[in-house]
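Q: I am attaching a structure below and will ask some questions about it afterwards.
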Amino acid sequence: MADSVLGHPFRRFVWSPPIFREWSVPTALVDWLESPTAHIIKINVPGFRKDDIKVQVEEGNILRIKGESGKMEDPHEKDAIWHVAERGTGKGGFSRDIELPENVKVDQIKAQVENGILTILVPKDTTKSSGVRNINITSKL
């Protein structure tokens, strides 16, 4: 009955666990730690080359990390049928937005990718502000 309603190729996406559904969105896993002098962000980017990844600061303090990769061609896969593509071998990408705190030096952010890990170093502005700001009081606004 199910084969006649949905057809054989689509059956696995309805009755299979969610991890195997085509519409699931790939997410790059993130670790964010803070030292006294910097924020260190590490992101899993297996299969992505340096040229496939874009790191930008937008709207003043939004760190946007995007990864886009095209399909990797293998001569043995010419007539192959994909059943599951979770390792990044098919077309895919990711995007993560991180709101940075105010006390960072956005003009000094550095990034490197090595062994499938993107490391972003966001230096802190270590000049201490007292957190107290005096407001001048006038008789008229």
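Convention: chains lettered A, B, ... in structure tokens order; per-chain residue numbering from 1; ligands numbered from 1 as shown.
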Skipping near chain neighbours, those fewer than 4 positions away, what residues fall within 9 Å of segment 105-117 of chain A using only C-alpha atoms, listed as a list in words?

A: Lys42, Ile43, Asn44, Val45, Pro46, Gly47, Phe48, Arg49, Lys50, Val55, Val57, Gly60, Asn61, Leu121, Val122, Pro123, Lys124 and Asp125 of chain A

Q: Create the file for the chosen residues now, containing C-alpha atoms and written as a PDB file, in the first residue's frame.

A:
```pdb
ATOM      1  CA  LYS A  42      36.279  26.537  17.287  1.00  0.00           C
ATOM      2  CA  ILE A  43      33.982  25.134  14.617  1.00  0.00           C
ATOM      3  CA  ASN A  44      33.921  21.678  13.056  1.00  0.00           C
ATOM      4  CA  VAL A  45      34.340  22.081   9.290  1.00  0.00           C
ATOM      5  CA  PRO A  46      35.302  18.603   8.004  1.00  0.00           C
ATOM      6  CA  GLY A  47      35.712  18.417   4.255  1.00  0.00           C
ATOM      7  CA  PHE A  48      35.810  22.204   3.787  1.00  0.00           C
ATOM      8  CA  ARG A  49      38.881  23.881   2.377  1.00  0.00           C
ATOM      9  CA  LYS A  50      40.077  27.326   3.410  1.00  0.00           C
ATOM     10  CA  VAL A  55      34.268  34.681   8.074  1.00  0.00           C
ATOM     11  CA  VAL A  57      31.729  40.756  10.857  1.00  0.00           C
ATOM     12  CA  GLY A  60      29.141  45.912  14.045  1.00  0.00           C
ATOM     13  CA  ASN A  61      29.228  42.809  16.240  1.00  0.00           C
ATOM     14  CA  LEU A 121      40.624  34.279  17.648  1.00  0.00           C
ATOM     15  CA  VAL A 122      38.729  37.417  18.705  1.00  0.00           C
ATOM     16  CA  PRO A 123      40.973  39.648  20.844  1.00  0.00           C
ATOM     17  CA  LYS A 124      39.399  41.511  23.735  1.00  0.00           C
ATOM     18  CA  ASP A 125      39.772  45.211  24.312  1.00  0.00           C
TER      19      ASP A 125
END
```

Q: Could you work out how far atom CA of Ser95 of chain A lies from atom CA of Leu63 of chain A, giving the answer in Å with one decimal?

A: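 Atom-to-atom, atom CA of Leu63 of chain A to atom CA of Ser95 of chain A, that is 10.5 Å.
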
Q: Figure out the distance between atom CA of Thr126 of chain A and atom CA of Arg96 of chain A, please, to one decimal in Å.

A: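 We find that atom CA of Arg96 of chain A and atom CA of Thr126 of chain A lie 26.4 Å from each other.
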
Q: May I ask which of the residues A:Leu29, A:Val104, A:Ser69, A:Lys78 is the closest one to Gly92 of chain A, counting only C-alpha atoms?

A: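 Closest candidate: A:Ser69.
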
Q: Could you check how far atom CA of Glu68 of chain A sits from atom CA of Gly93 of chain A, in Å to one decimal?

A: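 Going from atom CA of Glu68 of chain A over to atom CA of Gly93 of chain A, I get 4.4 Å.
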
Q: Taking only C-alpha atoms into account, which of A:Ile53, A:Leu100, A:Ala80, A:Ile40 comes nearest Ala28 of chain A?

A: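 Between A:Ile53, A:Leu100, A:Ala80, A:Ile40, the residue approaching Ala28 of chain A most closely is A:Ile53.
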